[in-house]
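Structure data (mmCIF, C-alpha atoms) from start-v3.cif:
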```cif
data_query
#
loop_
_atom_site.label_atom_id
_atom_site.label_comp_id
_atom_site.auth_asym_id
_atom_site.auth_seq_id
_atom_site.Cartn_x
_atom_site.Cartn_y
_atom_site.Cartn_z
CA MET A 1336 -38.78 -94.07 43.25
CA ASP A 1337 -35.86 -96.35 42.60
CA ALA A 1338 -34.39 -97.89 45.79
CA VAL A 1339 -30.81 -97.11 44.71
CA LEU A 1340 -31.72 -93.47 44.12
CA MET A 1341 -33.43 -93.29 47.52
CA LYS A 1342 -30.34 -94.66 49.25
CA THR A 1343 -28.16 -92.14 47.45
CA ILE A 1344 -30.40 -89.24 48.55
CA LEU A 1345 -30.42 -90.46 52.14
CA ARG A 1346 -26.65 -90.91 52.12
CA THR A 1347 -26.16 -87.39 50.74
CA ALA A 1348 -28.52 -85.88 53.30
CA ALA A 1349 -26.68 -87.68 56.10
CA ALA A 1350 -23.35 -86.34 54.84
CA VAL A 1351 -24.71 -82.78 54.70
CA LEU A 1352 -26.09 -83.03 58.23
CA ALA A 1353 -22.78 -84.40 59.48
CA LEU A 1354 -20.97 -81.49 57.82
CA PHE A 1355 -23.21 -78.94 59.53
CA ALA A 1356 -22.68 -80.73 62.83
CA ILE A 1357 -18.91 -80.35 62.46
CA LEU A 1358 -19.01 -76.65 61.56
CA PRO A 1359 -18.94 -74.30 64.57
CA ALA A 1360 -22.13 -72.34 65.25
CA HIS A 1361 -21.90 -68.58 64.74
CA ALA A 1362 -18.14 -68.79 64.22
CA ASP A 1363 -16.22 -65.58 63.62
CA LYS A 1364 -12.74 -64.92 62.34
CA ILE A 1365 -10.15 -64.07 64.96
CA ARG A 1366 -9.44 -60.85 63.03
CA ASP A 1367 -13.04 -59.77 63.76
CA LEU A 1368 -12.78 -60.61 67.45
CA ALA A 1369 -9.37 -59.23 68.39
CA GLN A 1370 -6.83 -56.57 67.51
CA VAL A 1371 -3.09 -56.98 67.45
CA GLY A 1372 -1.41 -55.30 70.38
CA GLY A 1373 0.67 -52.28 69.39
CA VAL A 1374 -0.98 -52.01 65.96
CA ARG A 1375 -3.16 -48.94 66.28
CA SER A 1376 -3.93 -45.63 64.66
CA ASN A 1377 -2.88 -42.26 66.09
CA GLN A 1378 -4.70 -38.93 66.14
CA LEU A 1379 -3.19 -35.77 64.69
CA VAL A 1380 -4.24 -32.16 65.17
CA GLY A 1381 -3.17 -28.86 63.66
CA TYR A 1382 -4.07 -25.21 63.16
CA GLY A 1383 -4.32 -23.39 59.87
CA LEU A 1384 -5.99 -20.81 57.66
CA VAL A 1385 -8.66 -21.31 55.02
CA VAL A 1386 -8.65 -18.55 52.40
CA GLY A 1387 -10.61 -17.77 49.25
CA LEU A 1388 -14.01 -17.52 50.96
CA ASP A 1389 -16.77 -15.40 49.45
CA GLY A 1390 -17.13 -12.93 52.29
CA SER A 1391 -18.12 -15.64 54.78
CA GLY A 1392 -14.88 -15.69 56.76
CA ASP A 1393 -14.06 -14.58 60.31
CA GLN A 1394 -14.93 -11.10 61.52
CA THR A 1395 -11.50 -9.91 62.55
CA SER A 1396 -12.84 -7.56 65.24
CA GLN A 1397 -14.20 -10.57 67.12
CA ALA A 1398 -11.54 -13.09 66.04
CA PRO A 1399 -8.22 -11.20 66.17
CA PHE A 1400 -6.18 -14.42 66.05
CA THR A 1401 -7.13 -14.81 62.39
CA THR A 1402 -5.44 -11.52 61.54
CA GLN A 1403 -2.44 -12.39 63.69
CA SER A 1404 -2.04 -15.74 61.94
CA LEU A 1405 -2.21 -14.10 58.52
CA GLU A 1406 0.37 -11.47 59.49
CA ASN A 1407 2.76 -14.15 60.75
CA MET A 1408 2.35 -16.05 57.50
CA LEU A 1409 3.01 -12.94 55.40
CA GLN A 1410 6.19 -12.22 57.37
CA GLN A 1411 7.56 -15.60 56.29
CA PHE A 1412 7.21 -14.43 52.67
CA GLY A 1413 8.87 -11.07 53.34
CA VAL A 1414 5.66 -9.03 53.57
CA ASN A 1415 5.54 -6.79 56.65
CA VAL A 1416 2.20 -5.32 57.70
CA PRO A 1417 2.57 -1.92 59.45
CA ALA A 1418 1.82 -1.99 63.17
CA ASN A 1419 -0.87 0.70 62.86
CA VAL A 1420 -2.73 -1.19 60.12
CA ARG A 1421 -5.38 -3.71 61.10
CA PRO A 1422 -6.51 -5.71 58.04
CA GLN A 1423 -10.26 -6.32 57.85
CA LEU A 1424 -10.49 -9.86 56.55
CA LYS A 1425 -13.66 -11.40 55.20
CA ASN A 1426 -12.29 -14.15 52.98
CA ALA A 1427 -10.14 -15.99 55.56
CA ALA A 1428 -11.02 -18.22 58.50
CA ALA A 1429 -8.99 -19.81 61.29
CA VAL A 1430 -9.56 -23.56 61.47
CA THR A 1431 -8.50 -26.63 63.34
CA ILE A 1432 -7.37 -29.67 61.35
CA THR A 1433 -7.76 -33.22 62.59
CA ALA A 1434 -6.67 -36.48 61.02
CA GLU A 1435 -5.95 -40.09 61.92
CA ILE A 1436 -2.75 -41.75 60.81
CA PRO A 1437 -3.23 -45.51 60.30
CA PRO A 1438 -0.74 -48.09 61.57
CA PHE A 1439 2.31 -48.81 59.40
CA ALA A 1440 1.69 -45.64 57.34
CA LYS A 1441 4.84 -44.55 55.51
CA PRO A 1442 6.07 -41.09 54.43
CA GLY A 1443 4.48 -39.96 51.19
CA GLN A 1444 1.15 -41.65 51.73
CA LYS A 1445 -2.05 -39.58 51.79
CA ILE A 1446 -4.67 -39.42 54.53
CA ASP A 1447 -7.98 -37.57 54.80
CA VAL A 1448 -8.33 -34.53 57.06
CA THR A 1449 -11.27 -32.75 58.67
CA VAL A 1450 -11.31 -28.96 58.80
CA ALA A 1451 -13.51 -27.03 61.26
CA SER A 1452 -13.81 -23.30 61.93
CA ILE A 1453 -12.87 -22.05 65.40
CA GLY A 1454 -13.87 -18.42 64.81
CA ASN A 1455 -17.15 -16.89 63.69
CA ALA A 1456 -16.94 -17.76 60.01
CA LYS A 1457 -20.36 -18.41 58.51
CA SER A 1458 -19.11 -20.91 55.95
CA ILE A 1459 -15.84 -22.33 54.63
CA ARG A 1460 -17.39 -23.62 51.42
CA GLY A 1461 -15.06 -23.17 48.46
CA GLY A 1462 -12.09 -22.33 50.67
CA GLU A 1463 -8.48 -23.43 50.28
CA LEU A 1464 -6.52 -24.69 53.27
CA LEU A 1465 -2.99 -23.32 53.34
CA MET A 1466 -0.10 -25.63 54.19
CA SER A 1467 -0.41 -26.57 57.86
CA PRO A 1468 1.56 -29.04 60.02
CA LEU A 1469 -0.26 -31.81 61.88
CA LYS A 1470 1.21 -32.87 65.20
CA GLY A 1471 0.80 -35.91 67.40
CA ALA A 1472 0.46 -36.14 71.16
CA ASP A 1473 4.27 -35.99 71.48
CA GLY A 1474 4.43 -32.61 69.70
CA GLN A 1475 6.19 -34.00 66.61
CA VAL A 1476 5.00 -33.15 63.10
CA TYR A 1477 3.76 -36.29 61.33
CA ALA A 1478 1.88 -34.86 58.33
CA ILE A 1479 1.39 -31.71 56.26
CA ALA A 1480 -2.14 -30.72 55.18
CA GLN A 1481 -3.22 -28.55 52.27
CA GLY A 1482 -5.99 -28.56 49.70
CA SER A 1483 -9.54 -27.53 48.76
CA VAL A 1484 -12.20 -27.99 51.42
CA ILE A 1485 -15.31 -29.97 50.54
CA VAL A 1486 -18.35 -28.86 52.56
CA GLY A 1487 -21.58 -30.86 52.69
CA GLY A 1488 -23.72 -28.11 54.25
CA VAL A 1489 -25.04 -24.86 52.85
CA SER A 1490 -26.33 -21.66 54.46
CA ALA A 1491 -27.83 -18.43 53.09
CA GLN A 1492 -29.00 -15.19 54.68
CA GLY A 1493 -30.95 -12.24 53.32
CA LYS A 1494 -30.68 -8.55 54.17
CA SER A 1495 -33.82 -8.75 56.29
CA GLY A 1496 -32.15 -11.23 58.61
CA SER A 1497 -33.94 -14.32 57.33
CA SER A 1498 -31.64 -17.28 56.92
CA VAL A 1499 -31.73 -20.93 55.98
CA GLN A 1500 -29.21 -23.63 56.73
CA VAL A 1501 -28.86 -27.26 55.67
CA ASN A 1502 -26.35 -29.32 57.66
CA ILE A 1503 -23.17 -27.62 58.87
CA SER A 1504 -21.22 -25.35 56.54
CA ALA A 1505 -18.48 -24.38 59.02
CA SER A 1506 -16.68 -27.70 58.72
CA GLY A 1507 -15.61 -29.94 55.86
CA ARG A 1508 -13.16 -32.55 54.67
CA ILE A 1509 -10.21 -32.75 52.32
CA PRO A 1510 -9.89 -36.27 50.86
CA GLY A 1511 -6.20 -37.14 50.72
CA GLY A 1512 -5.46 -33.66 51.99
CA ALA A 1513 -2.45 -34.53 54.15
CA SER A 1514 0.86 -36.09 53.21
CA ILE A 1515 2.59 -38.20 55.85
CA GLU A 1516 6.08 -36.95 56.67
CA ARG A 1517 7.01 -39.25 59.56
CA SER A 1518 6.07 -42.86 60.31
CA VAL A 1519 4.93 -43.96 63.76
CA ALA A 1520 7.14 -46.54 65.47
CA THR A 1521 5.45 -49.82 66.42
CA SER A 1522 6.49 -52.81 68.46
CA PHE A 1523 5.29 -55.31 65.86
CA ASP A 1524 8.76 -55.97 64.45
CA LYS A 1525 10.56 -55.99 67.79
CA GLY A 1526 10.20 -59.74 68.32
CA GLY A 1527 8.64 -61.53 71.25
CA ASP A 1528 5.07 -62.68 71.69
CA ILE A 1529 2.18 -61.14 69.77
CA MET A 1530 -0.66 -59.93 71.95
CA LEU A 1531 -4.21 -60.32 70.69
CA ASN A 1532 -6.56 -57.90 72.46
CA LEU A 1533 -10.23 -58.89 72.31
CA ASN A 1534 -12.67 -56.19 71.24
CA THR A 1535 -15.01 -57.37 74.02
CA ALA A 1536 -13.34 -58.89 77.04
CA ASP A 1537 -14.72 -62.33 77.82
CA PHE A 1538 -13.03 -65.30 79.54
CA MET A 1539 -14.83 -67.87 77.37
CA THR A 1540 -13.88 -66.13 74.13
CA ALA A 1541 -10.25 -65.73 75.24
CA ASN A 1542 -10.06 -69.43 76.13
CA ARG A 1543 -11.56 -70.49 72.80
CA VAL A 1544 -9.16 -68.28 70.83
CA ALA A 1545 -6.20 -69.84 72.63
CA GLN A 1546 -7.58 -73.35 72.03
CA ALA A 1547 -8.10 -72.67 68.31
CA VAL A 1548 -4.51 -71.46 67.90
CA ASN A 1549 -3.09 -74.41 69.86
CA GLN A 1550 -5.13 -76.93 67.87
CA ASN A 1551 -3.75 -75.61 64.60
CA PHE A 1552 -0.15 -74.76 65.59
CA GLY A 1553 0.59 -77.01 68.54
CA ALA A 1554 0.11 -76.91 72.28
CA GLY A 1555 1.69 -73.97 74.07
CA THR A 1556 1.56 -71.63 71.07
CA ALA A 1557 -1.13 -69.42 72.61
CA ASN A 1558 -1.90 -68.59 76.20
CA ALA A 1559 -4.88 -66.64 77.51
CA VAL A 1560 -3.39 -64.01 79.82
CA ASP A 1561 -6.73 -62.63 81.01
CA SER A 1562 -10.27 -62.08 79.74
CA GLY A 1563 -9.09 -59.61 77.12
CA THR A 1564 -5.58 -60.67 76.05
CA ILE A 1565 -4.12 -63.76 74.39
CA ALA A 1566 -0.33 -64.09 74.08
CA VAL A 1567 0.81 -65.92 70.92
CA ARG A 1568 4.36 -67.05 70.25
CA ALA A 1569 5.58 -65.77 66.90
CA PRO A 1570 8.75 -66.02 64.76
CA GLN A 1571 11.46 -63.41 65.21
CA ASP A 1572 11.75 -62.65 61.48
CA PRO A 1573 9.32 -59.78 60.65
CA SER A 1574 8.39 -61.29 57.26
CA GLN A 1575 7.51 -64.59 58.90
CA ARG A 1576 5.54 -62.82 61.62
CA VAL A 1577 3.30 -61.28 58.97
CA SER A 1578 2.40 -64.61 57.35
CA TRP A 1579 2.10 -66.25 60.77
CA LEU A 1580 -0.35 -63.65 62.01
CA ALA A 1581 -2.30 -63.67 58.73
CA THR A 1582 -2.91 -67.40 59.17
CA ILE A 1583 -3.97 -67.01 62.79
CA GLN A 1584 -6.45 -64.25 61.95
CA GLN A 1585 -8.25 -66.58 59.50
CA LEU A 1586 -9.07 -69.16 62.19
CA ASP A 1587 -12.75 -69.57 63.10
CA VAL A 1588 -13.75 -69.16 66.75
CA THR A 1589 -17.18 -69.25 68.34
CA PRO A 1590 -17.30 -66.31 70.79
CA GLY A 1591 -18.77 -66.72 74.24
CA ASP A 1592 -22.36 -65.82 74.93
CA ALA A 1593 -23.03 -62.19 75.64
CA PRO A 1594 -23.85 -61.39 79.28
CA ALA A 1595 -27.45 -60.82 80.32
CA ARG A 1596 -27.65 -57.06 80.00
CA ILE A 1597 -30.28 -54.39 79.40
CA ILE A 1598 -29.22 -51.03 77.97
CA VAL A 1599 -31.52 -48.10 78.71
CA ASN A 1600 -31.19 -44.62 77.24
CA SER A 1601 -33.58 -42.48 79.26
CA ARG A 1602 -33.05 -39.41 77.05
CA THR A 1603 -34.24 -41.04 73.83
CA GLY A 1604 -36.39 -43.81 75.31
CA THR A 1605 -34.30 -46.53 73.67
CA VAL A 1606 -34.27 -49.93 75.38
CA VAL A 1607 -32.09 -52.82 74.18
CA ILE A 1608 -32.63 -56.19 75.90
CA GLY A 1609 -30.15 -59.02 75.46
CA SER A 1610 -31.32 -62.46 74.42
CA ASP A 1611 -30.23 -64.12 77.69
CA VAL A 1612 -32.21 -61.83 79.98
CA LYS A 1613 -34.43 -63.77 82.39
CA VAL A 1614 -37.03 -62.59 84.88
CA GLY A 1615 -38.02 -64.44 88.04
CA ALA A 1616 -41.56 -64.86 89.28
CA ALA A 1617 -43.09 -61.41 89.67
CA ALA A 1618 -46.38 -59.57 89.26
CA VAL A 1619 -46.26 -56.06 87.81
CA ALA A 1620 -48.99 -53.43 88.04
CA HIS A 1621 -48.46 -50.28 86.01
CA GLY A 1622 -50.85 -47.38 85.68
CA SER A 1623 -50.60 -43.80 84.55
CA ILE A 1624 -51.88 -40.92 86.67
CA GLN A 1625 -53.02 -37.86 84.73
CA VAL A 1626 -53.41 -34.46 86.36
CA THR A 1627 -55.42 -31.86 84.44
CA ILE A 1628 -55.52 -28.18 85.44
CA SER A 1629 -57.76 -25.80 83.52
CA GLU A 1630 -58.05 -22.06 84.05
CA GLN A 1631 -61.43 -20.38 83.45
CA PRO A 1632 -61.20 -16.78 84.67
CA GLN A 1633 -64.47 -15.04 85.48
CA VAL A 1634 -65.34 -11.35 85.24
CA SER A 1635 -66.80 -9.61 88.32
CA GLN A 1636 -68.98 -6.69 87.27
CA PRO A 1637 -69.88 -4.09 89.96
CA GLY A 1638 -73.43 -2.85 90.42
CA ALA A 1639 -74.78 0.32 88.86
CA PHE A 1640 -73.72 3.58 90.54
CA SER A 1641 -71.55 1.64 93.04
CA ARG A 1642 -68.35 3.26 91.84
CA GLY A 1643 -66.75 -0.21 91.74
CA GLN A 1644 -64.30 -1.49 89.16
CA THR A 1645 -64.54 -4.48 86.91
CA ALA A 1646 -62.20 -7.25 88.11
CA VAL A 1647 -61.11 -10.60 86.75
CA VAL A 1648 -61.46 -13.41 89.26
CA PRO A 1649 -59.31 -16.50 88.64
CA SER A 1650 -61.05 -19.87 88.65
CA SER A 1651 -59.08 -23.12 88.50
CA GLN A 1652 -60.36 -26.65 88.02
CA VAL A 1653 -58.08 -29.51 88.99
CA ALA A 1654 -58.87 -33.11 88.05
CA VAL A 1655 -56.89 -36.27 88.77
CA SER A 1656 -57.57 -39.45 86.80
CA GLU A 1657 -55.84 -42.80 86.70
CA ASN A 1658 -56.08 -44.60 83.38
CA GLY A 1659 -54.45 -47.56 81.77
CA GLY A 1660 -53.84 -49.53 84.96
CA HIS A 1661 -52.74 -53.05 84.08
CA MET A 1662 -51.26 -55.99 85.94
CA PHE A 1663 -49.37 -58.84 84.33
CA LYS A 1664 -47.50 -61.74 85.81
CA PHE A 1665 -44.13 -63.25 84.95
CA GLY A 1666 -43.47 -66.87 85.71
CA PRO A 1667 -40.06 -68.13 86.87
CA GLY A 1668 -37.42 -68.03 84.15
CA THR A 1669 -39.42 -65.81 81.81
CA SER A 1670 -37.54 -65.12 78.57
CA LEU A 1671 -37.10 -61.99 76.52
CA ASP A 1672 -39.95 -62.89 74.17
CA SER A 1673 -42.41 -63.12 77.03
CA ILE A 1674 -41.30 -59.78 78.46
CA VAL A 1675 -41.71 -57.96 75.16
CA ARG A 1676 -45.05 -59.65 74.46
CA ALA A 1677 -46.46 -58.74 77.87
CA VAL A 1678 -45.35 -55.12 77.66
CA ASN A 1679 -46.75 -54.74 74.13
CA GLN A 1680 -50.10 -56.20 75.20
CA VAL A 1681 -50.61 -53.55 77.88
CA GLY A 1682 -49.53 -50.81 75.47
CA ALA A 1683 -46.64 -49.53 77.58
CA SER A 1684 -44.47 -46.81 76.09
CA PRO A 1685 -40.64 -46.90 76.18
CA SER A 1686 -40.65 -44.67 79.28
CA ASP A 1687 -43.10 -47.06 80.96
CA LEU A 1688 -40.90 -50.00 80.03
CA ILE A 1689 -37.89 -48.26 81.62
CA SER A 1690 -39.84 -47.82 84.86
CA ILE A 1691 -40.95 -51.46 84.83
CA LEU A 1692 -37.41 -52.73 84.27
CA GLN A 1693 -36.02 -50.56 87.06
CA ALA A 1694 -38.70 -51.81 89.45
CA LEU A 1695 -37.99 -55.44 88.50
CA LYS A 1696 -34.27 -54.86 89.10
CA GLU A 1697 -34.91 -53.39 92.55
CA SER A 1698 -37.19 -56.29 93.46
CA GLY A 1699 -34.51 -58.82 92.54
CA ALA A 1700 -36.65 -60.48 89.87
CA LEU A 1701 -34.57 -59.19 86.94
CA ARG A 1702 -31.54 -61.44 86.48
CA ALA A 1703 -29.56 -59.12 84.27
CA GLU A 1704 -27.31 -56.10 84.44
CA LEU A 1705 -29.25 -52.86 83.97
CA VAL A 1706 -27.07 -50.22 82.29
CA VAL A 1707 -28.42 -46.66 82.02
CA ILE A 1708 -26.64 -44.42 79.50
#
```
So, in terms of structure tokens, how does the structure I just supplied come out?
Amino acid sequence: MDAVLMKTILRTAAAVLALFAILPAHADKIRDLAQVGGVRSNQLVGYGLVVGLDGSGDQTSQAPFTTQSLENMLQQFGVNVPANVRPQLKNAAAVTITAEIPPFAKPGQKIDVTVASIGNAKSIRGGELLMSPLKGADGQVYAIAQGSVIVGGVSAQGKSGSSVQVNISASGRIPGGASIERSVATSFDKGGDIMLNLNTADFMTANRVAQAVNQNFGAGTANAVDSGTIAVRAPQDPSQRVSWLATIQQLDVTPGDAPARIIVNSRTGTVVIGSDVKVGAAAVAHGSIQVTISEQPQVSQPGAFSRGQTAVVPSSQVAVSENGGHMFKFGPGTSLDSIVRAVNQVGASPSDLISILQALKESGALRAELVVI
């Protein structure tokens, strides 16, 4: 190979390695690590009626509020139902309506809503939601919902009582089914510092976010208030605050290492072990004890002409066996890979692994936080 070409290749390789050395490892955008304080969505809830069902609505004898709601609605249109008349509805269902209004949403914009039956309706498939107000936690109306309900489930029942159901047919969604009527006030355009709230509180991550902002915009621009909040000075003009924040959110920051933590879900047998989990020197013996009880009843037959009666005599056999006993040893500073390898070698199940981890935690050998959910 030509010497000049070799030098060029080596020089290029050195430049590439230097570039990778400069780039931060596992860097994330600030927008993925933190949320802007005061910029949040709000939940809405409402009550309404779904009509046009094919006989799968509420049974009014067991859900009288459906009839009451329909009568109140008819009165608004000048239709009065006599007091001694109780309509038997099969094509209407009382429902709750929930939605989430995003930040900075303006009147006239559309949002999706979820509709769920609160009575005994079998299905709301093919129903039409009548105009219903959606209120916030302050009791104010922020949106109006109406539209055709889309249901992903299906159910069917025969006259003999046999039925089949796939997913849930008593709830559905209306894409773009609500129109926003009132915007939610935010503190973003009020001036002052912008607060960046970390998704996962961590002192190292908060410090690195503040350092990244100060390196790009000057010392004193950002200040880490605590492990979860960074205060950033911003312009007073709202239009400038938008561009200022957009630039800050594009900065790369390497988050701090996750704490040594083990998450255990005893109901499902799920165990999640963090990469920084270490185990001190310990020896673990784990065996399974199996108790077997078998019933073999015997028949006692009386002798001839003894006037006795045939009787069944119970006979139980109880056996206790201990199988699968294993012992394995952990050296000081054992890593996650060694833990998983040792447990897999002895064939421990998830429930066995949970017991082993709890015993290691009690012995003081497990240097991690054990969280049981």
Care to translate the PyMOL selection byres ((chain A and resi 1425-1431) around 8) into actual residues of this file, as an MDAnalysis selection string?
chainID A and resid 1380:1395 1400:1401 1423:1424 1432:1433 1450:1454 1456 1459
Write out as a VMD selection string each polymer residue whose atoms come within 10 Å of Val1588 (chain A), counting only C-alpha atoms; drop sequence neighbours fewer than 4 positions from it.
chain A and resid 1359 to 1365 1367 to 1368 1540 to 1541 1543 to 1548
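With distances restricted to all atoms listed in the file, A:Thr1535 is the closest residue to Asp1592 (chain A) from A:Thr1556, A:Thr1535, A:Gln1633, A:Gly1615.
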Quick one: pull the distance between CA of Arg1576 (chain A) and CA of Ser1522 (chain A), Å, one decimal.
12.2 Å
Considering all atoms listed in the file, return as a ChimeraX atom specification whatever protein or nucleic-acid residues lie within 10 Å of Phe1439 (chain A), sequence-local ones (same chain, fewer than 6 positions apart) excluded.
/A:1374-1376,1518-1521,1523
For Leu1705 (chain A): contacts at 10 Å, only C-alpha atoms, fewer than 4 positions along chain excluded, given as a list in words:
Ala1595, Arg1596, Ile1597, Ile1598, Val1599, Ile1608, Leu1692, Gln1693, Lys1696 and Leu1701 of chain A
Picked residues, the PyMOL selection byres ((chain A and resi 1509-1513) around 6), expected as a PyMOL selection string
chain A and resi 1445-1448+1479-1482+1484+1508+1514
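The smallest atom-to-atom distance between Asp1611 (chain A) and any of A:Ala1703, A:Ser1698, A:Met1408, A:Ser1506, using only C-alpha atoms, is found for A:Ala1703.
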Quick one: residues within 12 Å of (-35.6, -61.8, 93.5) (file frame), counting only C-alpha atoms, please, as a list in words.
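Within 12 Å of (-35.6, -61.8, 93.5), the protein and nucleic acid residues are Lys1613, Val1614, Gly1615, Ala1616, Ala1617, Ala1618, Pro1667, Gly1668, Ala1694, Leu1695, Lys1696, Glu1697, Ser1698, Gly1699, Ala1700, Leu1701, Arg1702 and Ala1703 of chain A.
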Contacts of Ala1559 (chain A) at 8 Å (only C-alpha atoms; same-chain gap of 3+ positions) as an NGL selection string:
:A and (1541-1542 or 1545 or 1562 or 1564-1566)
One decimal, Å: what's the distance from CA of Glu1406 (chain A) over to CA of Leu1465 (chain A), could you say?
13.8 Å
Considering all atoms listed in the file, state which residue in the set A:Gly1487, A:Pro1442, A:Gly1609, A:Pro1468 is at the smallest distance from Pro1594 (chain A).
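Residue with the minimum atom-to-atom distance to Pro1594 (chain A): A:Gly1609.
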With all atoms listed in the file as the atoms that count, which of A:Gly1553, A:Gly1563, A:Pro1417, A:Gly1461 lies nearest to Gly1372 (chain A)?
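Under the stated criterion, the closest residue is A:Gly1563.
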For CA of Gly1443 (chain A) and CA of Arg1517 (chain A), quote the distance in Å rounded to one decimal.
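The value is 8.8 Å.
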As a PyMOL selection string, please: the residues near Val1577 (chain A) (cut-off 12 Å, all atoms listed in the file, same-chain neighbours under 5 positions excluded).
chain A and resi 1371+1523-1524+1526+1529+1569-1572+1582-1584
Test item: the PyMOL selection byres ((chain A and resi 1486) around 6) resolved as a PyMOL selection string
chain A and resi 1460+1485+1487-1488+1507
Reconstruct region 1481-1487 of chain A at the level of all heavy atoms, and format the result as a JSON list (two decimals), in the coordinates of the input.
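Contents of out_1.json, as written:
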```json
[["chain", "number", "residue", "atom", "x", "y", "z"],
["A", 1481, "GLN", "N", -2.94, -29.66, 53.18],
["A", 1481, "GLN", "CA", -3.22, -28.55, 52.27],
["A", 1481, "GLN", "C", -4.19, -29.04, 51.21],
["A", 1481, "GLN", "O", -4.13, -30.20, 50.79],
["A", 1481, "GLN", "CB", -1.95, -28.03, 51.61],
["A", 1481, "GLN", "CG", -2.18, -26.83, 50.68],
["A", 1481, "GLN", "CD", -0.88, -26.21, 50.21],
["A", 1481, "GLN", "OE1", -0.27, -25.41, 50.90],
["A", 1481, "GLN", "NE2", -0.42, -26.63, 49.04],
["A", 1482, "GLY", "N", -5.08, -28.17, 50.76],
["A", 1482, "GLY", "CA", -5.99, -28.56, 49.70],
["A", 1482, "GLY", "C", -7.33, -27.84, 49.78],
["A", 1482, "GLY", "O", -7.58, -27.02, 50.68],
["A", 1483, "SER", "N", -8.20, -28.14, 48.84],
["A", 1483, "SER", "CA", -9.54, -27.53, 48.76],
["A", 1483, "SER", "C", -10.50, -28.25, 49.70],
["A", 1483, "SER", "O", -10.56, -29.47, 49.73],
["A", 1483, "SER", "CB", -10.07, -27.58, 47.33],
["A", 1483, "SER", "OG", -9.19, -26.89, 46.45],
["A", 1484, "VAL", "N", -11.26, -27.46, 50.43],
["A", 1484, "VAL", "CA", -12.20, -27.99, 51.42],
["A", 1484, "VAL", "C", -13.52, -28.34, 50.75],
["A", 1484, "VAL", "O", -14.07, -27.53, 49.99],
["A", 1484, "VAL", "CB", -12.42, -26.98, 52.56],
["A", 1484, "VAL", "CG1", -13.35, -27.57, 53.62],
["A", 1484, "VAL", "CG2", -11.09, -26.58, 53.18],
["A", 1485, "ILE", "N", -14.01, -29.53, 51.04],
["A", 1485, "ILE", "CA", -15.31, -29.97, 50.54],
["A", 1485, "ILE", "C", -16.31, -29.90, 51.69],
["A", 1485, "ILE", "O", -16.12, -30.54, 52.72],
["A", 1485, "ILE", "CB", -15.25, -31.40, 49.97],
["A", 1485, "ILE", "CG1", -14.28, -31.46, 48.80],
["A", 1485, "ILE", "CG2", -16.63, -31.87, 49.55],
["A", 1485, "ILE", "CD1", -14.10, -32.85, 48.23],
["A", 1486, "VAL", "N", -17.36, -29.08, 51.51],
["A", 1486, "VAL", "CA", -18.35, -28.86, 52.56],
["A", 1486, "VAL", "C", -19.67, -29.47, 52.11],
["A", 1486, "VAL", "O", -20.12, -29.23, 50.99],
["A", 1486, "VAL", "CB", -18.51, -27.36, 52.86],
["A", 1486, "VAL", "CG1", -19.61, -27.12, 53.90],
["A", 1486, "VAL", "CG2", -17.19, -26.78, 53.34],
["A", 1487, "GLY", "N", -20.30, -30.24, 53.02],
["A", 1487, "GLY", "CA", -21.58, -30.86, 52.69],
["A", 1487, "GLY", "C", -22.78, -30.00, 53.04],
["A", 1487, "GLY", "O", -23.89, -30.28, 52.58]]
```
